[in-house]
file work.txt (compact mmCIF, N, CA and C atoms and all ligand atoms)
# COMPACT_ATOMS: atom_id res chain seq x y z
N MET A 1 1.51 14.65 0.85
CA MET A 1 0.30 15.11 1.54
C MET A 1 -0.07 14.11 2.63
N ALA A 2 -0.15 14.61 3.84
CA ALA A 2 -0.52 13.72 4.94
C ALA A 2 -2.03 13.59 5.00
N MET A 3 -2.52 12.38 4.89
CA MET A 3 -3.95 12.18 4.95
C MET A 3 -4.44 11.96 6.36
N ILE A 4 -3.49 11.73 7.25
CA ILE A 4 -3.90 11.46 8.62
C ILE A 4 -2.83 11.95 9.57
N GLY A 5 -3.26 12.36 10.74
CA GLY A 5 -2.29 12.85 11.70
C GLY A 5 -2.94 13.23 13.01
N VAL A 6 -2.11 13.71 13.89
CA VAL A 6 -2.62 14.15 15.19
C VAL A 6 -2.64 15.67 15.17
N GLN A 7 -3.78 16.20 15.48
CA GLN A 7 -3.91 17.65 15.44
C GLN A 7 -3.09 18.29 16.54
N GLU A 8 -2.50 19.41 16.20
CA GLU A 8 -1.66 20.10 17.17
C GLU A 8 -2.49 20.49 18.39
N GLY A 9 -1.91 20.31 19.54
CA GLY A 9 -2.60 20.69 20.76
C GLY A 9 -3.54 19.63 21.29
N SER A 10 -3.57 18.47 20.62
CA SER A 10 -4.45 17.41 21.09
C SER A 10 -3.95 16.87 22.43
N ASP A 11 -4.89 16.42 23.21
CA ASP A 11 -4.51 15.82 24.49
C ASP A 11 -4.09 14.38 24.28
N MET A 12 -2.95 14.06 24.82
CA MET A 12 -2.51 12.68 24.79
C MET A 12 -2.86 12.03 26.12
N ASP A 13 -3.40 10.84 26.01
CA ASP A 13 -3.72 10.11 27.21
C ASP A 13 -2.56 9.16 27.48
N LEU A 14 -1.78 9.47 28.48
CA LEU A 14 -0.58 8.67 28.74
C LEU A 14 -0.82 7.66 29.84
N ASP A 15 -0.37 6.46 29.58
CA ASP A 15 -0.43 5.43 30.60
C ASP A 15 0.94 4.79 30.64
N LEU A 16 1.86 5.47 31.29
CA LEU A 16 3.26 5.05 31.22
C LEU A 16 3.81 4.66 32.59
N THR A 17 4.72 3.74 32.54
CA THR A 17 5.42 3.34 33.75
C THR A 17 6.90 3.66 33.58
N LEU A 18 7.46 4.33 34.55
CA LEU A 18 8.89 4.60 34.53
C LEU A 18 9.57 3.63 35.49
N GLU A 19 10.54 2.94 34.93
CA GLU A 19 11.20 1.90 35.71
C GLU A 19 12.69 2.20 35.78
N ALA A 20 13.24 2.21 36.96
CA ALA A 20 14.67 2.40 37.09
C ALA A 20 15.37 1.08 36.80
N VAL A 21 16.19 1.09 35.77
CA VAL A 21 16.96 -0.11 35.46
C VAL A 21 18.45 0.24 35.54
N TYR A 22 19.28 -0.74 35.35
CA TYR A 22 20.71 -0.51 35.51
C TYR A 22 21.24 0.60 34.62
N GLU A 23 20.82 0.58 33.36
CA GLU A 23 21.36 1.55 32.40
C GLU A 23 20.71 2.92 32.49
N GLY A 24 19.52 2.97 33.05
CA GLY A 24 18.84 4.26 33.06
C GLY A 24 17.40 4.11 33.49
N ILE A 25 16.53 4.69 32.70
CA ILE A 25 15.11 4.62 33.01
C ILE A 25 14.37 4.03 31.82
N LEU A 26 13.60 3.01 32.11
CA LEU A 26 12.83 2.38 31.06
C LEU A 26 11.40 2.91 31.12
N VAL A 27 11.00 3.50 30.02
CA VAL A 27 9.64 4.02 29.93
C VAL A 27 8.82 3.05 29.10
N SER A 28 7.74 2.58 29.67
CA SER A 28 6.90 1.68 28.89
C SER A 28 5.44 1.92 29.22
N GLY A 29 4.61 1.59 28.29
CA GLY A 29 3.19 1.80 28.49
C GLY A 29 2.51 2.08 27.17
N SER A 30 1.44 2.83 27.25
CA SER A 30 0.72 3.12 26.02
C SER A 30 0.24 4.56 26.02
N VAL A 31 0.02 5.05 24.84
CA VAL A 31 -0.44 6.42 24.63
C VAL A 31 -1.71 6.36 23.80
N LEU A 32 -2.67 7.17 24.18
CA LEU A 32 -3.90 7.25 23.41
C LEU A 32 -3.97 8.65 22.82
N VAL A 33 -3.99 8.72 21.52
CA VAL A 33 -4.07 10.04 20.88
C VAL A 33 -5.24 10.10 19.91
N PRO A 34 -5.90 11.25 19.86
CA PRO A 34 -6.96 11.42 18.86
C PRO A 34 -6.34 11.68 17.49
N VAL A 35 -6.78 10.90 16.52
CA VAL A 35 -6.24 11.00 15.18
C VAL A 35 -7.34 11.50 14.25
N THR A 36 -6.98 12.42 13.40
CA THR A 36 -7.96 12.88 12.41
C THR A 36 -7.33 12.83 11.03
N GLY A 37 -8.17 12.67 10.03
CA GLY A 37 -7.66 12.60 8.67
C GLY A 37 -8.79 12.31 7.73
N GLU A 38 -8.45 11.71 6.60
CA GLU A 38 -9.51 11.33 5.69
C GLU A 38 -9.25 9.96 5.11
N CYS A 39 -10.36 9.29 4.82
CA CYS A 39 -10.29 7.95 4.28
C CYS A 39 -9.59 7.99 2.92
N SER A 40 -8.65 7.08 2.72
CA SER A 40 -7.90 7.10 1.47
C SER A 40 -8.74 6.55 0.32
N ARG A 41 -9.87 5.95 0.62
CA ARG A 41 -10.71 5.41 -0.45
C ARG A 41 -11.87 6.33 -0.79
N CYS A 42 -12.61 6.78 0.23
CA CYS A 42 -13.80 7.59 -0.08
C CYS A 42 -13.63 9.04 0.34
N LEU A 43 -12.50 9.39 0.92
CA LEU A 43 -12.19 10.76 1.32
C LEU A 43 -13.10 11.32 2.41
N ASP A 44 -13.83 10.46 3.07
CA ASP A 44 -14.64 10.90 4.20
C ASP A 44 -13.72 11.30 5.35
N PRO A 45 -14.14 12.27 6.14
CA PRO A 45 -13.32 12.61 7.30
C PRO A 45 -13.26 11.46 8.30
N LEU A 46 -12.13 11.33 8.91
CA LEU A 46 -11.91 10.26 9.89
C LEU A 46 -11.55 10.88 11.22
N ALA A 47 -11.96 10.25 12.27
CA ALA A 47 -11.50 10.67 13.59
C ALA A 47 -11.63 9.48 14.52
N TYR A 48 -10.54 9.10 15.11
CA TYR A 48 -10.61 8.01 16.06
C TYR A 48 -9.43 8.10 17.01
N ASP A 49 -9.48 7.33 18.05
CA ASP A 49 -8.38 7.32 19.00
C ASP A 49 -7.43 6.19 18.65
N LEU A 50 -6.19 6.54 18.60
CA LEU A 50 -5.16 5.55 18.27
C LEU A 50 -4.38 5.22 19.53
N GLU A 51 -4.27 3.95 19.80
CA GLU A 51 -3.49 3.55 20.97
C GLU A 51 -2.15 2.99 20.50
N VAL A 52 -1.12 3.52 21.07
CA VAL A 52 0.22 3.15 20.64
C VAL A 52 1.02 2.64 21.84
N ASP A 53 1.69 1.53 21.64
CA ASP A 53 2.56 1.02 22.69
C ASP A 53 3.90 1.73 22.63
N VAL A 54 4.39 2.04 23.79
CA VAL A 54 5.67 2.75 23.86
C VAL A 54 6.61 1.98 24.76
N GLN A 55 7.83 1.82 24.31
CA GLN A 55 8.84 1.28 25.21
C GLN A 55 10.18 1.87 24.79
N GLU A 56 10.75 2.62 25.68
CA GLU A 56 11.98 3.33 25.34
C GLU A 56 12.88 3.40 26.57
N LEU A 57 14.15 3.23 26.30
CA LEU A 57 15.11 3.31 27.38
C LEU A 57 15.85 4.65 27.34
N PHE A 58 15.84 5.32 28.43
CA PHE A 58 16.63 6.55 28.56
C PHE A 58 17.87 6.21 29.37
N SER A 59 19.03 6.45 28.78
CA SER A 59 20.28 6.07 29.44
C SER A 59 20.85 7.20 30.27
N TYR A 60 21.58 6.83 31.30
CA TYR A 60 22.26 7.82 32.14
C TYR A 60 23.44 8.43 31.41
N GLU A 61 24.10 7.59 30.61
CA GLU A 61 25.32 8.03 29.96
C GLU A 61 25.05 9.11 28.94
N GLU A 62 25.85 10.13 29.00
CA GLU A 62 25.75 11.17 27.99
C GLU A 62 26.29 10.61 26.67
N PRO A 63 25.71 11.02 25.58
CA PRO A 63 26.28 10.58 24.31
C PRO A 63 27.67 11.17 24.14
N SER A 64 28.59 10.39 23.63
CA SER A 64 29.95 10.89 23.45
C SER A 64 30.01 11.74 22.19
N HIS A 65 30.59 12.89 22.35
CA HIS A 65 30.62 13.81 21.22
C HIS A 65 32.03 13.91 20.64
N ASP A 66 32.83 12.87 20.84
CA ASP A 66 34.20 12.95 20.34
C ASP A 66 34.31 12.51 18.87
N GLY A 67 33.21 12.47 18.21
CA GLY A 67 33.25 12.21 16.77
C GLY A 67 33.30 10.76 16.40
N ALA A 68 34.31 10.05 16.86
CA ALA A 68 34.53 8.68 16.43
C ALA A 68 33.37 7.77 16.81
N ALA A 69 32.79 8.03 17.96
CA ALA A 69 31.76 7.12 18.45
C ALA A 69 30.38 7.45 17.88
N ALA A 70 30.26 8.61 17.25
CA ALA A 70 28.96 9.00 16.74
C ALA A 70 28.56 8.13 15.56
N GLY A 71 27.60 7.32 15.78
CA GLY A 71 27.18 6.41 14.71
C GLY A 71 25.86 6.84 14.11
N GLU A 72 25.44 6.07 13.13
CA GLU A 72 24.20 6.37 12.43
C GLU A 72 22.99 6.27 13.35
N ASP A 73 23.10 5.37 14.31
CA ASP A 73 21.94 5.09 15.14
C ASP A 73 21.91 5.95 16.41
N GLU A 74 22.71 6.97 16.42
CA GLU A 74 22.76 7.78 17.64
C GLU A 74 21.41 8.41 17.95
N GLU A 75 20.69 8.79 16.91
CA GLU A 75 19.42 9.46 17.16
C GLU A 75 18.35 8.50 17.68
N GLU A 76 18.63 7.21 17.60
CA GLU A 76 17.70 6.23 18.12
C GLU A 76 17.77 6.16 19.65
N GLN A 77 18.83 6.75 20.20
CA GLN A 77 19.03 6.64 21.63
C GLN A 77 18.53 7.87 22.36
N HIS A 78 18.14 7.61 23.58
CA HIS A 78 17.62 8.72 24.38
C HIS A 78 18.39 8.79 25.68
N TRP A 79 18.55 9.99 26.14
CA TRP A 79 19.40 10.20 27.29
C TRP A 79 18.69 11.00 28.37
N ILE A 80 19.12 10.75 29.57
CA ILE A 80 18.60 11.52 30.70
C ILE A 80 19.48 12.75 30.82
N GLU A 81 18.90 13.90 30.62
CA GLU A 81 19.68 15.13 30.68
C GLU A 81 19.19 15.98 31.85
N HIS A 82 20.13 16.35 32.66
CA HIS A 82 19.82 17.16 33.85
C HIS A 82 18.68 16.54 34.65
N ASP A 83 18.76 15.25 34.82
CA ASP A 83 17.75 14.50 35.57
C ASP A 83 16.35 14.60 34.95
N MET A 84 16.30 14.93 33.68
CA MET A 84 15.01 15.02 33.01
C MET A 84 15.01 14.13 31.78
N ILE A 85 13.84 13.63 31.46
CA ILE A 85 13.73 12.92 30.19
C ILE A 85 12.72 13.65 29.32
N ASP A 86 13.02 13.67 28.05
CA ASP A 86 12.14 14.36 27.12
C ASP A 86 11.31 13.32 26.38
N LEU A 87 10.08 13.19 26.81
CA LEU A 87 9.22 12.15 26.24
C LEU A 87 8.65 12.54 24.88
N GLU A 88 8.62 13.82 24.62
CA GLU A 88 7.89 14.26 23.43
C GLU A 88 8.36 13.62 22.13
N PRO A 89 9.68 13.66 21.83
CA PRO A 89 10.09 13.03 20.56
C PRO A 89 9.81 11.54 20.53
N VAL A 90 9.90 10.90 21.68
CA VAL A 90 9.65 9.47 21.76
C VAL A 90 8.19 9.17 21.41
N LEU A 91 7.30 9.95 22.02
CA LEU A 91 5.88 9.75 21.79
C LEU A 91 5.52 10.10 20.35
N ARG A 92 6.13 11.17 19.86
CA ARG A 92 5.83 11.58 18.49
C ARG A 92 6.25 10.49 17.51
N ASP A 93 7.45 9.96 17.70
CA ASP A 93 7.93 8.89 16.82
C ASP A 93 7.02 7.68 16.88
N ALA A 94 6.63 7.33 18.10
CA ALA A 94 5.80 6.14 18.27
C ALA A 94 4.46 6.30 17.56
N VAL A 95 3.89 7.49 17.68
CA VAL A 95 2.59 7.74 17.07
C VAL A 95 2.70 7.79 15.55
N VAL A 96 3.70 8.50 15.07
CA VAL A 96 3.87 8.63 13.62
C VAL A 96 4.09 7.27 12.98
N THR A 97 4.88 6.43 13.66
CA THR A 97 5.13 5.10 13.14
C THR A 97 3.86 4.26 13.10
N ALA A 98 2.97 4.51 14.04
CA ALA A 98 1.77 3.69 14.14
C ALA A 98 0.65 4.16 13.22
N LEU A 99 0.79 5.34 12.65
CA LEU A 99 -0.27 5.84 11.78
C LEU A 99 -0.33 5.00 10.50
N PRO A 100 -1.53 4.70 10.05
CA PRO A 100 -1.63 3.89 8.84
C PRO A 100 -1.24 4.69 7.60
N PHE A 101 -0.64 4.03 6.63
CA PHE A 101 -0.27 4.70 5.39
C PHE A 101 -1.52 5.02 4.58
N GLN A 102 -2.45 4.11 4.60
CA GLN A 102 -3.67 4.30 3.85
C GLN A 102 -4.86 4.15 4.78
N PRO A 103 -5.17 5.20 5.50
CA PRO A 103 -6.28 5.11 6.45
C PRO A 103 -7.60 4.88 5.73
N VAL A 104 -8.45 4.09 6.32
CA VAL A 104 -9.79 3.89 5.76
C VAL A 104 -10.81 4.13 6.86
N CYS A 105 -11.99 4.61 6.45
CA CYS A 105 -13.03 4.92 7.43
C CYS A 105 -13.52 3.63 8.07
N ARG A 106 -13.50 2.56 7.29
CA ARG A 106 -13.76 1.25 7.85
C ARG A 106 -13.15 0.23 6.90
N GLU A 107 -12.89 -0.95 7.45
CA GLU A 107 -12.13 -1.94 6.71
C GLU A 107 -12.72 -2.25 5.34
N ASP A 108 -14.08 -2.30 5.28
CA ASP A 108 -14.70 -2.70 4.01
C ASP A 108 -15.19 -1.50 3.21
N CYS A 109 -14.58 -0.35 3.45
CA CYS A 109 -14.97 0.84 2.70
C CYS A 109 -14.83 0.55 1.22
N GLN A 110 -15.90 0.88 0.46
CA GLN A 110 -15.88 0.56 -0.97
C GLN A 110 -15.40 1.73 -1.81
N GLY A 111 -15.16 2.86 -1.14
CA GLY A 111 -14.61 3.98 -1.87
C GLY A 111 -15.61 4.67 -2.76
N LEU A 112 -15.10 5.36 -3.74
CA LEU A 112 -15.94 6.17 -4.61
C LEU A 112 -16.07 5.52 -5.98
N CYS A 113 -17.21 5.78 -6.62
CA CYS A 113 -17.41 5.31 -7.98
C CYS A 113 -16.40 6.00 -8.88
N SER A 114 -15.73 5.24 -9.70
CA SER A 114 -14.70 5.84 -10.54
C SER A 114 -15.33 6.66 -11.66
N GLU A 115 -16.62 6.46 -11.91
CA GLU A 115 -17.30 7.20 -12.98
C GLU A 115 -17.86 8.52 -12.50
N CYS A 116 -18.61 8.50 -11.39
CA CYS A 116 -19.30 9.72 -10.97
C CYS A 116 -18.88 10.20 -9.60
N GLY A 117 -18.13 9.40 -8.85
CA GLY A 117 -17.59 9.87 -7.59
C GLY A 117 -18.50 9.76 -6.38
N ILE A 118 -19.65 9.10 -6.52
CA ILE A 118 -20.51 8.95 -5.34
C ILE A 118 -19.94 7.86 -4.43
N HIS A 119 -20.40 7.89 -3.18
CA HIS A 119 -19.99 6.85 -2.25
C HIS A 119 -20.67 5.55 -2.62
N LEU A 120 -19.92 4.56 -2.93
CA LEU A 120 -20.52 3.29 -3.33
C LEU A 120 -21.29 2.66 -2.18
N ALA A 121 -20.88 2.96 -0.95
CA ALA A 121 -21.57 2.38 0.20
C ALA A 121 -22.99 2.94 0.32
N ASP A 122 -23.20 4.16 -0.18
CA ASP A 122 -24.52 4.78 -0.09
C ASP A 122 -25.53 4.15 -1.04
N GLU A 123 -25.03 3.61 -2.13
CA GLU A 123 -25.92 3.06 -3.14
C GLU A 123 -25.48 1.66 -3.52
N PRO A 124 -25.98 0.69 -2.78
CA PRO A 124 -25.58 -0.69 -3.10
C PRO A 124 -25.99 -1.02 -4.53
N GLY A 125 -25.14 -1.68 -5.24
CA GLY A 125 -25.47 -2.08 -6.60
C GLY A 125 -25.32 -0.98 -7.62
N HIS A 126 -24.79 0.15 -7.19
CA HIS A 126 -24.61 1.27 -8.11
C HIS A 126 -23.68 0.88 -9.26
N HIS A 127 -24.11 1.16 -10.45
CA HIS A 127 -23.22 0.94 -11.59
C HIS A 127 -23.68 1.82 -12.75
N HIS A 128 -22.87 1.91 -13.74
CA HIS A 128 -23.22 2.73 -14.90
C HIS A 128 -23.37 1.86 -16.13
N GLU A 129 -24.29 2.26 -16.99
CA GLU A 129 -24.44 1.53 -18.24
C GLU A 129 -23.42 2.08 -19.22
N VAL A 130 -22.18 1.80 -18.91
CA VAL A 130 -21.14 2.26 -19.81
C VAL A 130 -20.58 1.05 -20.53
N LEU A 131 -20.63 1.10 -21.81
CA LEU A 131 -20.14 -0.03 -22.57
C LEU A 131 -18.64 0.09 -22.72
N ASP A 132 -18.03 -1.01 -22.59
CA ASP A 132 -16.61 -1.07 -22.84
C ASP A 132 -16.37 -0.59 -24.27
N PRO A 133 -15.46 0.33 -24.49
CA PRO A 133 -15.24 0.84 -25.85
C PRO A 133 -14.96 -0.27 -26.86
N ARG A 134 -14.37 -1.35 -26.38
CA ARG A 134 -14.08 -2.45 -27.31
C ARG A 134 -15.37 -3.09 -27.80
N TRP A 135 -16.34 -3.24 -26.86
CA TRP A 135 -17.63 -3.82 -27.24
C TRP A 135 -18.39 -2.86 -28.14
N ALA A 136 -18.27 -1.56 -27.80
CA ALA A 136 -18.96 -0.56 -28.62
C ALA A 136 -18.50 -0.68 -30.07
N GLY A 137 -17.21 -0.89 -30.22
CA GLY A 137 -16.68 -1.05 -31.57
C GLY A 137 -17.27 -2.27 -32.26
N LEU A 138 -17.38 -3.34 -31.54
CA LEU A 138 -17.93 -4.57 -32.11
C LEU A 138 -19.39 -4.38 -32.51
N GLN A 139 -20.11 -3.63 -31.67
CA GLN A 139 -21.52 -3.38 -31.97
C GLN A 139 -21.67 -2.68 -33.30
N GLY A 140 -20.80 -1.68 -33.49
CA GLY A 140 -20.85 -0.94 -34.74
C GLY A 140 -20.62 -1.89 -35.92
N LEU A 141 -19.72 -2.80 -35.76
CA LEU A 141 -19.40 -3.74 -36.83
C LEU A 141 -20.60 -4.61 -37.19
N THR A 142 -21.18 -5.22 -36.13
CA THR A 142 -22.30 -6.11 -36.39
C THR A 142 -23.49 -5.34 -36.92
N GLY A 143 -23.58 -4.04 -36.59
CA GLY A 143 -24.67 -3.22 -37.07
C GLY A 143 -24.57 -3.03 -38.59
N LYS A 144 -23.38 -2.81 -39.06
CA LYS A 144 -23.20 -2.51 -40.49
C LYS A 144 -23.46 -3.74 -41.37
N ASP A 145 -22.60 -4.67 -41.23
CA ASP A 145 -22.88 -5.86 -42.03
C ASP A 145 -23.19 -7.01 -41.09
N SER A 146 -24.45 -7.22 -40.86
CA SER A 146 -24.83 -8.23 -39.92
C SER A 146 -24.71 -9.59 -40.57
N LEU A 147 -24.04 -10.45 -39.83
CA LEU A 147 -23.78 -11.78 -40.37
C LEU A 147 -24.97 -12.71 -40.15
N THR A 148 -25.80 -12.33 -39.17
CA THR A 148 -26.91 -13.23 -38.84
C THR A 148 -28.08 -13.08 -39.79
N GLU A 149 -28.27 -11.86 -40.31
CA GLU A 149 -29.39 -11.65 -41.21
C GLU A 149 -28.95 -11.81 -42.65
N SER A 150 -29.17 -12.90 -43.23
CA SER A 150 -28.81 -13.02 -44.62
C SER A 150 -29.68 -14.03 -45.35
ZN ZN A 201 -14.01 5.35 3.36
ZN ZN A 202 -21.23 6.15 -10.43

call {"tool": "encode", "arguments": {"input": "work.txt", "output": "structure tokens", "more": "lines below"}}
Ligand SMILES: [Zn+2]
Ligand SMILES: [Zn+2]
result
Amino acid sequence: MAMIGVQEGSDMDLDLTLEAVYEGILVSGSVLVPVTGECSRCLDPLAYDLEVDVQELFSYEEPSHDGAAAGEDEEEQHWIEHDMIDLEPVLRDAVVTALPFQPVCREDCQGLCSECGIHLADEPGHHHEVLDPRWAGLQGLTGKDSLTES
């Protein structure tokens, strides 16, 4: 279950520089995307802009399809095809990689009470008078044969 992501159709704010280098075209810059999701601690909805640095080289050389040269890392490479570069997979990868595994609404989010599920941030000092079952057992013991009263 993805707790965070970029909504389909969101506008990406691109700030990219295309540089002609010997091997091809170097794309570098940053992307700003609106991210939505929910806090992994308190489940509150989240929405913020994520800025991701991008740097990718698009090579002039076509990938060789003669089998032998096809390596595991072939998909890591990007190529200029018909004088066009396809930025979408590059940007998608960059954004997905930058998304947090455990998004939080804020760094010090205290999450939810494990007993009743309220937001702990809403009620400072919130706690329950729940006795540890081990102590409860001890109480029963001292209640029956009290060692202090004799
Ligand atoms: Zn939270
Ligand atoms: Zn509670």

call {"tool": "closest_atom_pairs", "arguments": {"input": "work.txt", "of": "chain A", "to": "ligand ZN 201 (chain A)", "cutoff": "5 Å", "atoms": "all atoms listed in the file", "output": "tab-separated table"}}
result
residue	atom	partner	partner_atom	distance
A:Cys39	CA	A:ZN201	ZN	4.6
A:Arg41	C	A:ZN201	ZN	4.8
A:Cys42	N	A:ZN201	ZN	3.7
A:Leu43	N	A:ZN201	ZN	5.0
A:Val104	C	A:ZN201	ZN	4.9
A:Cys105	N	A:ZN201	ZN	3.8
A:Arg106	N	A:ZN201	ZN	4.8
A:Cys109	CA	A:ZN201	ZN	4.7

call {"tool": "atom_distance", "arguments": {"input": "work.txt", "atom1": "atom CA of Glu123 of chain A", "atom2": "atom CA of Asp108 of chain A"}}
result
14.5 Å

call {"tool": "select_by_dssp", "arguments": {"input": "work.txt", "residues": "segment 15-126 of chain A", "states": "strand (DSSP E)", "output": "PyMOL selection string"}}
result
chain A and resi 15-20+24-38+45-59+78-79

call {"tool": "atom_distance", "arguments": {"input": "work.txt", "atom1": "atom CA of Glu38 of chain A", "atom2": "atom CA of Gly125 of chain A"}}
result
24.2 Å

call {"tool": "atom_distance", "arguments": {"input": "work.txt", "atom1": "atom CA of Leu26 of chain A", "atom2": "atom CA of Asp13 of chain A"}}
result
18.7 Å

call {"tool": "closest_residue", "arguments": {"input": "work.txt", "among": "A:Asp11, A:Glu56, A:Asp86, A:Asp44", "to": "Gly29 of chain A", "atoms": "only C-alpha atoms"}}
result
A:Glu56

call {"tool": "closest_residue", "arguments": {"input": "work.txt", "among": "A:Ser30, A:Ser40, A:Gln77, A:Ser10", "to": "Tyr60 of chain A", "atoms": "only C-alpha atoms"}}
result
A:Gln77

call {"tool": "closest_residue", "arguments": {"input": "work.txt", "among": "A:Glu129, A:Glu8, A:Glu115, A:Glu61", "to": "ligand ZN 202 (chain A)", "atoms": "only C-alpha atoms and all ligand atoms"}}
result
A:Glu115

call {"tool": "closest_atom_pairs", "arguments": {"input": "work.txt", "of": "chain A", "to": "ligand ZN 202 (chain A)", "cutoff": "9 Å", "atoms": "only C-alpha atoms and all ligand atoms", "output": "JSON lines"}}
result
{"residue": "A:Leu112", "atom": "CA", "partner": "A:ZN202", "partner_atom": "ZN", "distance": 7.9}
{"residue": "A:Cys113", "atom": "CA", "partner": "A:ZN202", "partner_atom": "ZN", "distance": 4.6}
{"residue": "A:Ser114", "atom": "CA", "partner": "A:ZN202", "partner_atom": "ZN", "distance": 6.5}
{"residue": "A:Glu115", "atom": "CA", "partner": "A:ZN202", "partner_atom": "ZN", "distance": 4.8}
{"residue": "A:Cys116", "atom": "CA", "partner": "A:ZN202", "partner_atom": "ZN", "distance": 4.1}
{"residue": "A:Gly117", "atom": "CA", "partner": "A:ZN202", "partner_atom": "ZN", "distance": 5.9}
{"residue": "A:Ile118", "atom": "CA", "partner": "A:ZN202", "partner_atom": "ZN", "distance": 5.9}
{"residue": "A:His119", "atom": "CA", "partner": "A:ZN202", "partner_atom": "ZN", "distance": 8.3}
{"residue": "A:Leu120", "atom": "CA", "partner": "A:ZN202", "partner_atom": "ZN", "distance": 7.7}
{"residue": "A:His126", "atom": "CA", "partner": "A:ZN202", "partner_atom": "ZN", "distance": 6.4}
{"residue": "A:His127", "atom": "CA", "partner": "A:ZN202", "partner_atom": "ZN", "distance": 5.7}
{"residue": "A:His128", "atom": "CA", "partner": "A:ZN202", "partner_atom": "ZN", "distance": 6.0}

call {"tool": "closest_residue", "arguments": {"input": "work.txt", "among": "A:Val31, A:Gly24, A:Gln110, A:Gly9", "to": "Asp122 of chain A", "atoms": "only C-alpha atoms"}}
result
A:Gln110

call {"tool": "residues_around", "arguments": {"input": "work.txt", "residues": "segment 91-94 of chain A", "least_positions_apart": "4", "cutoff": "7 Å", "atoms": "only C-alpha atoms", "output": "ChimeraX atom specification"}}
result
/A:52,54,87,98

call {"tool": "residues_around", "arguments": {"input": "work.txt", "residues": "Leu57 of chain A", "least_positions_apart": "4", "cutoff": "6 Å", "atoms": "all atoms listed in the file", "output": "ChimeraX atom specification"}}
result
/A:25-27,78

call {"tool": "closest_residue", "arguments": {"input": "work.txt", "among": "A:Gln102, A:Thr97, A:Thr36, A:Ser59", "to": "Met84 of chain A", "atoms": "only C-alpha atoms"}}
result
A:Ser59

call {"tool": "axis_aligned_box", "arguments": {"input": "work.txt", "around": "segment 49-59 of chain A", "padding_each_side": "5 Å", "output": "JSON"}}
result
{"center_x": 5.7, "center_y": 4.2, "center_z": 24.2, "size_x": 40.3, "size_y": 16.3, "size_z": 22.2}

call {"tool": "closest_residue", "arguments": {"input": "work.txt", "among": "A:Glu107, A:Glu76, A:Asp49, A:Glu23", "to": "Pro89 of chain A", "atoms": "only C-alpha atoms"}}
result
A:Glu76
